[in-house]
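Q: The structure under discussion is supplied below as structure tokens; questions concerning it will follow.
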Amino acid sequence: MPIKNKNLKNVLFTIVILLIANGIGNHFFHRFDLTKDKRYTLSPTSLNIIKQVQNPLSIKVYMQGDLPAEFKRLQQETKQLLEEFQAYNTNIVFEFVDPLENEDASMDNIKDLYRKGLTPINITVDDKGKQSQAMVFPWAIAVYDNKEVNIPLLKNIMGATTTQKVIGSVQHLEYSIAEALNKVTKAKQKKIAVIKGNGELQDILMAKFLLQVRESYHIGPFTLDSVAKSPIESLQALEKYDLAVIAKPTETFTDAEKQVLDQFIINGGKTLWLIDQVSAEMDSLYDSSGATLAYPKDLNLNDMFFKYGIRINPDLVKDEQGSPIKLATGEQGSATQFQEFNWKFAPQVYPNSLHPIVKNLGGIKFDFANPIDTLKNGIKKTILLQSSQYSKKIGTPTEINLNSVAEETSPNDYLNKGKIPLSVLLEGSFHSMFENRVLPFEQKTFQPTGKENKMIVISDGDLIKNQLDKNFQPVELGYDQRSGNLYDNKDFLINCVNYLLDDTGLINIRSKDLDLPLLDKEKVYENYTRTQILTIGLPILILVLFGVVFTFLRKRKYSK
């Protein structure tokens, strides 16, 4: 009887401890991440975004079915990260679907996904030397309160293998999902002005950039023509915006227009400058002569940039790490053939900075870029993009000829000339260019020194420009129809906007580094039989030996 009472007390004590532990667990929530790189530890920014989800949020992931090995890993990482999001907010639900599962409905599903902008990728699957083609949709869609946003799961990295793309995509995964959730749950607040009136790019030539930005911010055109008649009212109207985008102006800015932009900056307005200091266009080369004259362009902005701490030189950057271009060779007519050449006036820039704006980005394509000099003035400058070490400056005016693709060069031609800045981030308290000067127009609220601010300067207006197809419709920003390559221009520009306007710290998620070990296929194929024996045969052998030994010992014990 005493033993039974003691056992009963132990049981009751255990139950009480479990109830207390359960009660504490309900009040104090914590997830333990035992991975070395803290892969599943969500950043404070992601956690804040998750708190915004007050109603059911549905995420549909289109990576399911018979996937290649690399994409199974991406699928697994996506699922585990979504489970982490769901653990912090049960309003987040997700499912994995296979758009190709039902053969009868697969074509309709594919067309529907295409209409939503979810394009598949065709990859070659190598299974022990046997190759086959597979179609994969590395996308997800988040739906919240009748709002829908696409989530890209596979990051484009030019020249990378599928394995390298998957590793880069996993590193980018939390940012992609958190950004999408922020878009779909948060009401638009920040405003972006697209500056017009000085020969800037037409909207259709930067349509893909505008459409992407519109998902997160209010956006509208702002024409500086009104400055001539009512400069004070123009400044007051511009100050209602948070960011001004000045994309490839071709006409000179008046001093009054510069004062409006200057005071917008001094009063805290962010700016994204895409400036060409040289007039040169690729379209001008595709005529009978195959040549064009590149000459300096006077935008009357030099003194303004000089005051802020930079100088954009009226030179061209010629880079051995250029972009491919296809040109006709041979005789005209049916015998015409197209050959790919390296076009050195279109630098293909791979970021080597660890800044969140450019970290983990692939190649970014420039066209007739200009060198940027940084000047000492107390403003912090961060070089985001620069040309390769095998690049140099070409003075203007100069003739640009397509025949230059055949020229031969040596490393000696680029000694101490490369790594030319092409994009610079400026942060600090800017001084007005009209400080201690006569103002173009009277302004009682004029400020000579501004509050903490930031701007980004890119020395190529074409970086934001999307090409048009044969029906004059815009193609994806960064896609070059002549070579078929997709560059990371759009991701870079969107990161610039997010960094300039980001008050949630979302851009900092991109700094996360993950160590993602993947199988070495070549080693697996070389040791395929041995690998099968170790992974399948050895565990079975251990179980059989355990069973034999256990049976022997059991018989020996009970036979006595």
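Letters A, B, ... mark the chains of the structure tokens in the order given; residue numbers begin at 1 per chain; ligand numbers begin at 1, in order shown.
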When you look at Asp276 (chain A) with a cut-off of 10 Å (counting only C-alpha atoms), what residues show up, excluding the ones that are within fewer than 6 positions of it in the same chain? I need them as number ranges by chain.

A: A: 247-250, 296-299, 312-316, 367-370, 458-462

Q: Go ahead and write the selection's residues with N, CA and C atoms as a short mmCIF file (atom, residue, chain, number, x, y, z; two decimals), in the first residue's frame.

A:
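Contents of part16.cif, freshly written:
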```cif
data_model
loop_
_atom_site.label_atom_id
_atom_site.label_comp_id
_atom_site.auth_asym_id
_atom_site.auth_seq_id
_atom_site.Cartn_x
_atom_site.Cartn_y
_atom_site.Cartn_z
N ALA A 247 15.74 60.40 -64.03
CA ALA A 247 16.20 59.33 -64.91
C ALA A 247 16.59 59.85 -66.29
N LYS A 248 17.87 59.96 -66.52
CA LYS A 248 18.47 60.29 -67.82
C LYS A 248 17.93 61.59 -68.43
N PRO A 249 18.10 62.72 -67.74
CA PRO A 249 17.72 64.00 -68.35
C PRO A 249 18.64 64.33 -69.52
N THR A 250 18.10 65.02 -70.51
CA THR A 250 18.89 65.38 -71.70
C THR A 250 18.94 66.88 -71.92
N PRO A 296 30.32 65.36 -74.99
CA PRO A 296 29.87 65.75 -73.64
C PRO A 296 28.49 66.41 -73.67
N LYS A 297 27.77 66.20 -72.57
CA LYS A 297 26.43 66.75 -72.44
C LYS A 297 26.43 67.76 -71.29
N ASP A 298 25.87 68.94 -71.50
CA ASP A 298 25.84 69.97 -70.47
C ASP A 298 24.45 70.02 -69.83
N LEU A 299 24.35 69.46 -68.62
CA LEU A 299 23.08 69.47 -67.90
C LEU A 299 23.05 70.57 -66.83
N ILE A 312 30.76 63.73 -61.86
CA ILE A 312 30.57 62.78 -62.96
C ILE A 312 31.31 63.35 -64.17
N ASN A 313 32.33 62.64 -64.61
CA ASN A 313 33.18 63.14 -65.69
C ASN A 313 32.58 62.84 -67.07
N PRO A 314 32.77 63.75 -68.03
CA PRO A 314 32.24 63.53 -69.39
C PRO A 314 33.14 62.60 -70.21
N ASP A 315 33.46 61.43 -69.64
CA ASP A 315 34.25 60.40 -70.31
C ASP A 315 33.42 59.13 -70.40
N LEU A 316 33.88 58.19 -71.20
CA LEU A 316 33.24 56.88 -71.30
C LEU A 316 34.12 55.83 -70.65
N ASP A 367 25.40 50.91 -70.10
CA ASP A 367 25.60 51.29 -71.50
C ASP A 367 26.19 52.69 -71.53
N PHE A 368 27.40 52.82 -72.05
CA PHE A 368 28.07 54.11 -72.15
C PHE A 368 28.09 54.82 -70.80
N ALA A 369 28.66 54.15 -69.81
CA ALA A 369 28.72 54.70 -68.45
C ALA A 369 29.85 55.73 -68.35
N ASN A 370 29.71 56.62 -67.35
CA ASN A 370 30.70 57.67 -67.10
C ASN A 370 31.40 57.45 -65.77
N ILE A 458 23.99 57.30 -60.01
CA ILE A 458 24.39 56.27 -60.98
C ILE A 458 24.76 56.99 -62.27
N SER A 459 25.94 56.70 -62.79
CA SER A 459 26.43 57.44 -63.95
C SER A 459 26.04 56.79 -65.27
N ASP A 460 24.78 56.38 -65.36
CA ASP A 460 24.26 55.81 -66.61
C ASP A 460 22.74 55.81 -66.54
N GLY A 461 22.12 56.62 -67.38
CA GLY A 461 20.66 56.68 -67.40
C GLY A 461 20.02 55.45 -67.99
N ASP A 462 20.77 54.69 -68.81
CA ASP A 462 20.20 53.51 -69.45
C ASP A 462 20.01 52.35 -68.48
#
```

Q: Residues near Gln259 (chain A), anyone? I mean within 9 Å using only C-alpha atoms, not counting same-chain ones fewer than 4 positions away, as a PyMOL selection string.

A: chain A and resi 231+235+254-255+263-264+432-434+439-441

Q: Work out how far apart CA of Arg73 (chain A) and CA of Tyr144 (chain A) are and give it in Å to one decimal.

A: 27.3 Å

Q: Would you pick out the contacts of Lys72 (chain A) at 12 Å or less, using only C-alpha atoms, so that residues sharing its chain but fewer than 2 positions from it are not included, and give the list as a list of chain:residue names?

A: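 Using only C-alpha atoms, the neighbours found are A:Met63, A:Gln64, A:Gly65, A:Asp66, A:Leu67, A:Pro68, A:Ala69, A:Glu70, A:Leu74, A:Gln75, A:Gln76, A:Glu77, A:Thr78, A:Lys79, A:Val136, A:Pro138, A:Thr163, A:Val166, A:Val170, A:Leu518.
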
Q: Those residues with N, CA, C and O atoms, as an mmCIF file, in the first residue's frame please?

A:
```cif
data_model
loop_
_atom_site.group_PDB
_atom_site.id
_atom_site.type_symbol
_atom_site.label_atom_id
_atom_site.label_comp_id
_atom_site.auth_asym_id
_atom_site.auth_seq_id
_atom_site.Cartn_x
_atom_site.Cartn_y
_atom_site.Cartn_z
ATOM 1 N N MET A 63 6.070 24.861 -56.111
ATOM 2 C CA MET A 63 7.204 23.924 -56.208
ATOM 3 C C MET A 63 6.825 22.627 -55.505
ATOM 4 O O MET A 63 6.993 22.488 -54.298
ATOM 5 N N GLN A 64 6.266 21.721 -56.271
ATOM 6 C CA GLN A 64 5.827 20.441 -55.738
ATOM 7 C C GLN A 64 5.932 19.426 -56.860
ATOM 8 O O GLN A 64 5.998 19.775 -58.036
ATOM 9 N N GLY A 65 5.956 18.170 -56.520
ATOM 10 C CA GLY A 65 6.041 17.128 -57.533
ATOM 11 C C GLY A 65 7.444 16.579 -57.664
ATOM 12 O O GLY A 65 8.267 16.669 -56.749
ATOM 13 N N ASP A 66 7.730 16.020 -58.835
ATOM 14 C CA ASP A 66 9.026 15.381 -59.095
ATOM 15 C C ASP A 66 10.034 16.451 -59.501
ATOM 16 O O ASP A 66 10.204 16.773 -60.678
ATOM 17 N N LEU A 67 10.727 17.008 -58.512
ATOM 18 C CA LEU A 67 11.659 18.108 -58.751
ATOM 19 C C LEU A 67 13.093 17.597 -58.798
ATOM 20 O O LEU A 67 13.427 16.610 -58.147
ATOM 21 N N PRO A 68 13.959 18.294 -59.547
ATOM 22 C CA PRO A 68 15.396 17.974 -59.493
ATOM 23 C C PRO A 68 15.933 18.185 -58.080
ATOM 24 O O PRO A 68 15.349 18.920 -57.278
ATOM 25 N N ALA A 69 17.069 17.574 -57.785
ATOM 26 C CA ALA A 69 17.603 17.561 -56.426
ATOM 27 C C ALA A 69 17.788 18.965 -55.857
ATOM 28 O O ALA A 69 17.436 19.231 -54.708
ATOM 29 N N GLU A 70 18.367 19.897 -56.657
ATOM 30 C CA GLU A 70 18.611 21.248 -56.155
ATOM 31 C C GLU A 70 17.317 21.937 -55.768
ATOM 32 O O GLU A 70 17.243 22.629 -54.749
ATOM 33 N N LEU A 74 15.633 23.647 -52.357
ATOM 34 C CA LEU A 74 15.003 24.963 -52.278
ATOM 35 C C LEU A 74 13.584 24.840 -51.741
ATOM 36 O O LEU A 74 13.130 25.669 -50.936
ATOM 37 N N GLN A 75 12.881 23.790 -52.176
ATOM 38 C CA GLN A 75 11.526 23.541 -51.676
ATOM 39 C C GLN A 75 11.547 23.299 -50.164
ATOM 40 O O GLN A 75 10.731 23.850 -49.412
ATOM 41 N N GLN A 76 12.489 22.486 -49.717
ATOM 42 C CA GLN A 76 12.602 22.166 -48.295
ATOM 43 C C GLN A 76 12.914 23.414 -47.467
ATOM 44 O O GLN A 76 12.304 23.646 -46.423
ATOM 45 N N GLU A 77 13.856 24.232 -47.948
ATOM 46 C CA GLU A 77 14.216 25.452 -47.222
ATOM 47 C C GLU A 77 13.039 26.426 -47.182
ATOM 48 O O GLU A 77 12.805 27.095 -46.169
ATOM 49 N N THR A 78 12.293 26.510 -48.284
ATOM 50 C CA THR A 78 11.119 27.383 -48.327
ATOM 51 C C THR A 78 10.070 26.922 -47.331
ATOM 52 O O THR A 78 9.489 27.732 -46.588
ATOM 53 N N LYS A 79 9.820 25.611 -47.310
ATOM 54 C CA LYS A 79 8.824 25.066 -46.390
ATOM 55 C C LYS A 79 9.215 25.322 -44.937
ATOM 56 O O LYS A 79 8.380 25.745 -44.119
ATOM 57 N N VAL A 136 10.178 23.964 -64.161
ATOM 58 C CA VAL A 136 9.981 24.260 -62.742
ATOM 59 C C VAL A 136 9.447 25.680 -62.605
ATOM 60 O O VAL A 136 9.903 26.601 -63.296
ATOM 61 N N PRO A 138 9.570 28.297 -59.938
ATOM 62 C CA PRO A 138 10.105 28.694 -58.626
ATOM 63 C C PRO A 138 9.433 29.971 -58.113
ATOM 64 O O PRO A 138 10.075 31.006 -57.923
ATOM 65 N N THR A 163 23.035 24.935 -59.036
ATOM 66 C CA THR A 163 23.377 24.791 -57.619
ATOM 67 C C THR A 163 23.720 26.139 -57.001
ATOM 68 O O THR A 163 23.260 26.472 -55.907
ATOM 69 N N VAL A 166 20.604 28.186 -56.504
ATOM 70 C CA VAL A 166 19.815 27.726 -55.354
ATOM 71 C C VAL A 166 20.424 28.252 -54.057
ATOM 72 O O VAL A 166 19.707 28.720 -53.161
ATOM 73 N N VAL A 170 18.442 30.696 -51.489
ATOM 74 C CA VAL A 170 18.174 30.385 -50.081
ATOM 75 C C VAL A 170 18.635 31.542 -49.197
ATOM 76 O O VAL A 170 17.956 31.914 -48.229
ATOM 77 N N LEU A 518 25.552 21.305 -50.219
ATOM 78 C CA LEU A 518 24.824 20.492 -51.184
ATOM 79 C C LEU A 518 25.714 19.354 -51.665
ATOM 80 O O LEU A 518 26.943 19.440 -51.631
#
```

Q: Extract, using only C-alpha atoms, all DNA, RNA and protein residues at most 12 Å from Leu500 (chain A), discarding same-chain residues fewer than 3 positions from it, and format them as a ChimeraX atom specification.

A: /A:190-192,242-245,268-272,356-357,425-427,453-457,493-497,503-507

Q: Using backbone DSSP assignments, extract all alpha helix (DSSP H) residues from region 272-489 of chain A; output them as a count of residues only.

A: 8

Q: For the strand (DSSP E) assignment from backbone DSSP, which residues of region 87-179 of chain A qualify? Please present them as a PyMOL selection string.

A: chain A and resi 92-96+121-127+130-136+139-144+147-152

Q: Please, could you write that set of residues out with N, CA, C and O atoms as a compact mmCIF listing (two decimals), in the first residue's frame?

A:
```txt
# COMPACT_ATOMS: atom_id res chain seq x y z
N ILE A 92 -1.01 33.03 -40.86
CA ILE A 92 -0.27 32.72 -42.09
C ILE A 92 -0.42 31.23 -42.39
O ILE A 92 -0.03 30.38 -41.59
N VAL A 93 -1.02 30.91 -43.52
CA VAL A 93 -1.18 29.51 -43.94
C VAL A 93 -0.55 29.37 -45.33
O VAL A 93 -0.52 30.31 -46.12
N PHE A 94 -0.03 28.19 -45.60
CA PHE A 94 0.61 27.98 -46.90
C PHE A 94 0.37 26.55 -47.38
O PHE A 94 0.06 25.65 -46.60
N GLU A 95 0.49 26.39 -48.68
CA GLU A 95 0.37 25.07 -49.29
C GLU A 95 1.29 24.99 -50.50
O GLU A 95 1.59 26.00 -51.15
N PHE A 96 1.75 23.78 -50.79
CA PHE A 96 2.58 23.53 -51.96
C PHE A 96 1.73 22.82 -53.00
O PHE A 96 1.07 21.81 -52.69
N ILE A 121 11.12 28.01 -65.49
CA ILE A 121 12.46 27.85 -66.04
C ILE A 121 12.60 26.40 -66.51
O ILE A 121 12.08 25.48 -65.87
N ASN A 122 13.26 26.23 -67.62
CA ASN A 122 13.54 24.90 -68.15
C ASN A 122 14.98 24.54 -67.81
O ASN A 122 15.90 25.28 -68.17
N ILE A 123 15.16 23.45 -67.14
CA ILE A 123 16.50 23.05 -66.73
C ILE A 123 16.79 21.64 -67.23
O ILE A 123 15.88 20.84 -67.49
N THR A 124 18.07 21.35 -67.34
CA THR A 124 18.52 20.03 -67.74
C THR A 124 18.84 19.21 -66.50
O THR A 124 19.65 19.62 -65.67
N VAL A 125 18.17 18.07 -66.35
CA VAL A 125 18.38 17.19 -65.21
C VAL A 125 19.37 16.11 -65.61
O VAL A 125 19.16 15.39 -66.59
N ASP A 126 20.46 16.01 -64.88
CA ASP A 126 21.50 15.03 -65.16
C ASP A 126 21.44 13.93 -64.12
O ASP A 126 21.79 14.14 -62.96
N ASP A 127 20.96 12.77 -64.50
CA ASP A 127 20.83 11.64 -63.58
C ASP A 127 21.76 10.52 -64.03
O ASP A 127 21.46 9.76 -64.94
N LYS A 130 22.49 10.53 -67.64
CA LYS A 130 21.32 10.62 -68.51
C LYS A 130 20.66 11.97 -68.32
O LYS A 130 20.30 12.35 -67.20
N GLN A 131 20.53 12.71 -69.41
CA GLN A 131 19.99 14.06 -69.33
C GLN A 131 18.54 14.11 -69.81
O GLN A 131 18.17 13.44 -70.77
N SER A 132 17.75 14.93 -69.12
CA SER A 132 16.36 15.15 -69.50
C SER A 132 15.98 16.58 -69.16
O SER A 132 16.67 17.25 -68.39
N GLN A 133 14.90 17.05 -69.74
CA GLN A 133 14.44 18.42 -69.52
C GLN A 133 13.30 18.43 -68.50
O GLN A 133 12.47 17.53 -68.47
N ALA A 134 13.30 19.46 -67.66
CA ALA A 134 12.25 19.60 -66.65
C ALA A 134 11.83 21.06 -66.57
O ALA A 134 12.66 21.97 -66.73
N MET A 135 10.54 21.29 -66.34
CA MET A 135 10.00 22.64 -66.18
C MET A 135 9.68 22.85 -64.71
O MET A 135 9.00 22.04 -64.08
N VAL A 136 10.18 23.96 -64.16
CA VAL A 136 9.98 24.26 -62.74
C VAL A 136 9.45 25.68 -62.61
O VAL A 136 9.90 26.60 -63.30
N TRP A 139 8.13 29.89 -57.90
CA TRP A 139 7.36 31.06 -57.51
C TRP A 139 6.37 30.70 -56.40
O TRP A 139 6.02 29.54 -56.22
N ALA A 140 5.91 31.75 -55.71
CA ALA A 140 4.80 31.62 -54.76
C ALA A 140 3.93 32.86 -54.92
O ALA A 140 4.37 33.89 -55.45
N ILE A 141 2.69 32.75 -54.47
CA ILE A 141 1.76 33.89 -54.50
C ILE A 141 1.19 34.07 -53.10
O ILE A 141 0.72 33.10 -52.48
N ALA A 142 1.25 35.30 -52.58
CA ALA A 142 0.66 35.62 -51.28
C ALA A 142 -0.62 36.42 -51.51
O ALA A 142 -0.64 37.36 -52.31
N VAL A 143 -1.69 36.03 -50.81
CA VAL A 143 -2.99 36.69 -50.95
C VAL A 143 -3.45 37.15 -49.57
O VAL A 143 -3.48 36.36 -48.62
N TYR A 144 -3.83 38.44 -49.47
CA TYR A 144 -4.25 39.02 -48.19
C TYR A 144 -5.26 40.12 -48.45
O TYR A 144 -4.96 41.08 -49.16
N LYS A 147 -5.73 41.33 -51.89
CA LYS A 147 -4.51 41.83 -52.54
C LYS A 147 -3.60 40.64 -52.81
O LYS A 147 -3.53 39.71 -52.00
N GLU A 148 -2.93 40.66 -53.94
CA GLU A 148 -2.11 39.53 -54.36
C GLU A 148 -0.73 40.02 -54.77
O GLU A 148 -0.60 41.05 -55.44
N VAL A 149 0.31 39.28 -54.38
CA VAL A 149 1.67 39.66 -54.76
C VAL A 149 2.48 38.40 -55.06
O VAL A 149 2.30 37.37 -54.40
N ASN A 150 3.31 38.49 -56.09
CA ASN A 150 4.16 37.36 -56.48
C ASN A 150 5.43 37.33 -55.63
O ASN A 150 5.99 38.38 -55.29
N ILE A 151 5.90 36.12 -55.29
CA ILE A 151 7.13 35.95 -54.52
C ILE A 151 8.10 35.13 -55.36
O ILE A 151 7.90 33.93 -55.56
N PRO A 152 9.18 35.74 -55.86
CA PRO A 152 10.19 34.97 -56.60
C PRO A 152 11.05 34.17 -55.62
O PRO A 152 11.61 34.73 -54.69
```

Q: Just want the 12 Å neighbourhood of Thr90 (chain A), counted on only C-alpha atoms, with same-chain residues fewer than 4 positions away dropped. Output as a list in words.

A: Ile50, Lys51, Val53, Gln54, Asn55, Pro56, Leu57, Ser58, Leu82, Glu83, Glu84, Phe85, Gln86 and Phe94 of chain A

Q: Identify, on the basis of only C-alpha atoms, every residue whose closest approach to Lys393 (chain A) does not exceed 12 Å; exclude the query and any residue fewer than 5 positions from it along the same chain; express the result as a ChimeraX atom specification.

A: /A:313-320,344-345,368-372,387,398,413-414,416-422

Q: Could you save the residues just selected, with C-alpha atoms, as a PDB file, in the first residue's frame?

A:
```
ATOM      1  CA  ASN A 313      33.183  63.137 -65.694  1.00  0.00           C
ATOM      2  CA  PRO A 314      32.239  63.530 -69.386  1.00  0.00           C
ATOM      3  CA  ASP A 315      34.251  60.404 -70.310  1.00  0.00           C
ATOM      4  CA  LEU A 316      33.240  56.883 -71.296  1.00  0.00           C
ATOM      5  CA  VAL A 317      34.231  53.723 -69.452  1.00  0.00           C
ATOM      6  CA  LYS A 318      35.658  50.990 -71.645  1.00  0.00           C
ATOM      7  CA  ASP A 319      35.754  47.628 -69.893  1.00  0.00           C
ATOM      8  CA  GLU A 320      37.151  44.271 -71.005  1.00  0.00           C
ATOM      9  CA  LYS A 344      33.403  46.947 -74.115  1.00  0.00           C
ATOM     10  CA  PHE A 345      31.302  50.119 -73.878  1.00  0.00           C
ATOM     11  CA  PHE A 368      28.073  54.109 -72.148  1.00  0.00           C
ATOM     12  CA  ALA A 369      28.722  54.699 -68.453  1.00  0.00           C
ATOM     13  CA  ASN A 370      30.702  57.669 -67.104  1.00  0.00           C
ATOM     14  CA  PRO A 371      33.375  57.681 -64.379  1.00  0.00           C
ATOM     15  CA  ILE A 372      32.509  59.137 -60.959  1.00  0.00           C
ATOM     16  CA  SER A 387      34.099  48.626 -63.378  1.00  0.00           C
ATOM     17  CA  THR A 398      35.243  60.543 -79.706  1.00  0.00           C
ATOM     18  CA  ASP A 413      46.688  48.742 -71.496  1.00  0.00           C
ATOM     19  CA  TYR A 414      44.836  48.840 -68.157  1.00  0.00           C
ATOM     20  CA  ASN A 416      46.474  51.414 -62.713  1.00  0.00           C
ATOM     21  CA  LYS A 417      43.363  52.433 -64.644  1.00  0.00           C
ATOM     22  CA  GLY A 418      40.575  50.056 -63.601  1.00  0.00           C
ATOM     23  CA  LYS A 419      37.982  49.835 -60.825  1.00  0.00           C
ATOM     24  CA  ILE A 420      36.250  53.057 -61.828  1.00  0.00           C
ATOM     25  CA  PRO A 421      33.224  54.029 -59.639  1.00  0.00           C
ATOM     26  CA  LEU A 422      29.918  53.903 -61.523  1.00  0.00           C
TER      27      LEU A 422
END
```

Q: Nearest to Ile379 (chain A) among A:Glu452, A:Glu103, A:Glu435, A:Glu407, with distances taken over only C-alpha atoms: which residue is it?

A: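 The answer is A:Glu452, which sits nearest to Ile379 (chain A).
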
Q: Excluding region 444-451 of chain A and any residue of its chain fewer than 2 positions from it, enumerate the residues within 6 Å of it, using only C-alpha atoms, and give them as a list in words.

A: Ile266, Asn267, Ser429, Phe430, His431, Ser432 and Glu435 of chain A

Q: Which residue gives the smallest distance to Ile157 (chain A) among A:Ser216, A:Ser483, A:Asn360, A:Asn10, with only C-alpha atoms counted?

A: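 The shortest atom-to-atom distance to Ile157 (chain A) comes from A:Asn360.
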
Q: Work out how far apart CA of Trp343 (chain A) and CA of Leu385 (chain A) are and give it in Å to one decimal.

A: 18.8 Å

Q: Just checking: using only C-alpha atoms, which residue out of A:Ser353, A:Ala406, A:Ser279, A:Leu361 ends up closest to Glu340 (chain A)?

A: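 Using only C-alpha atoms, Glu340 (chain A) sits closest to A:Ala406.
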
Q: Which of these residues is nearest to Gly290 (chain A), using only C-alpha atoms: A:Ala328, A:Ile265, A:Leu224, A:Val438?

A: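 Residue with the minimum atom-to-atom distance to Gly290 (chain A): A:Ala328.
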
Q: Could you tell me how far CA of Thr535 (chain A) lies from CA of Phe550 (chain A), in Å and to one decimal?

A: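 Answer for the CA of Thr535 (chain A) to CA of Phe550 (chain A) separation: 23.2 Å.
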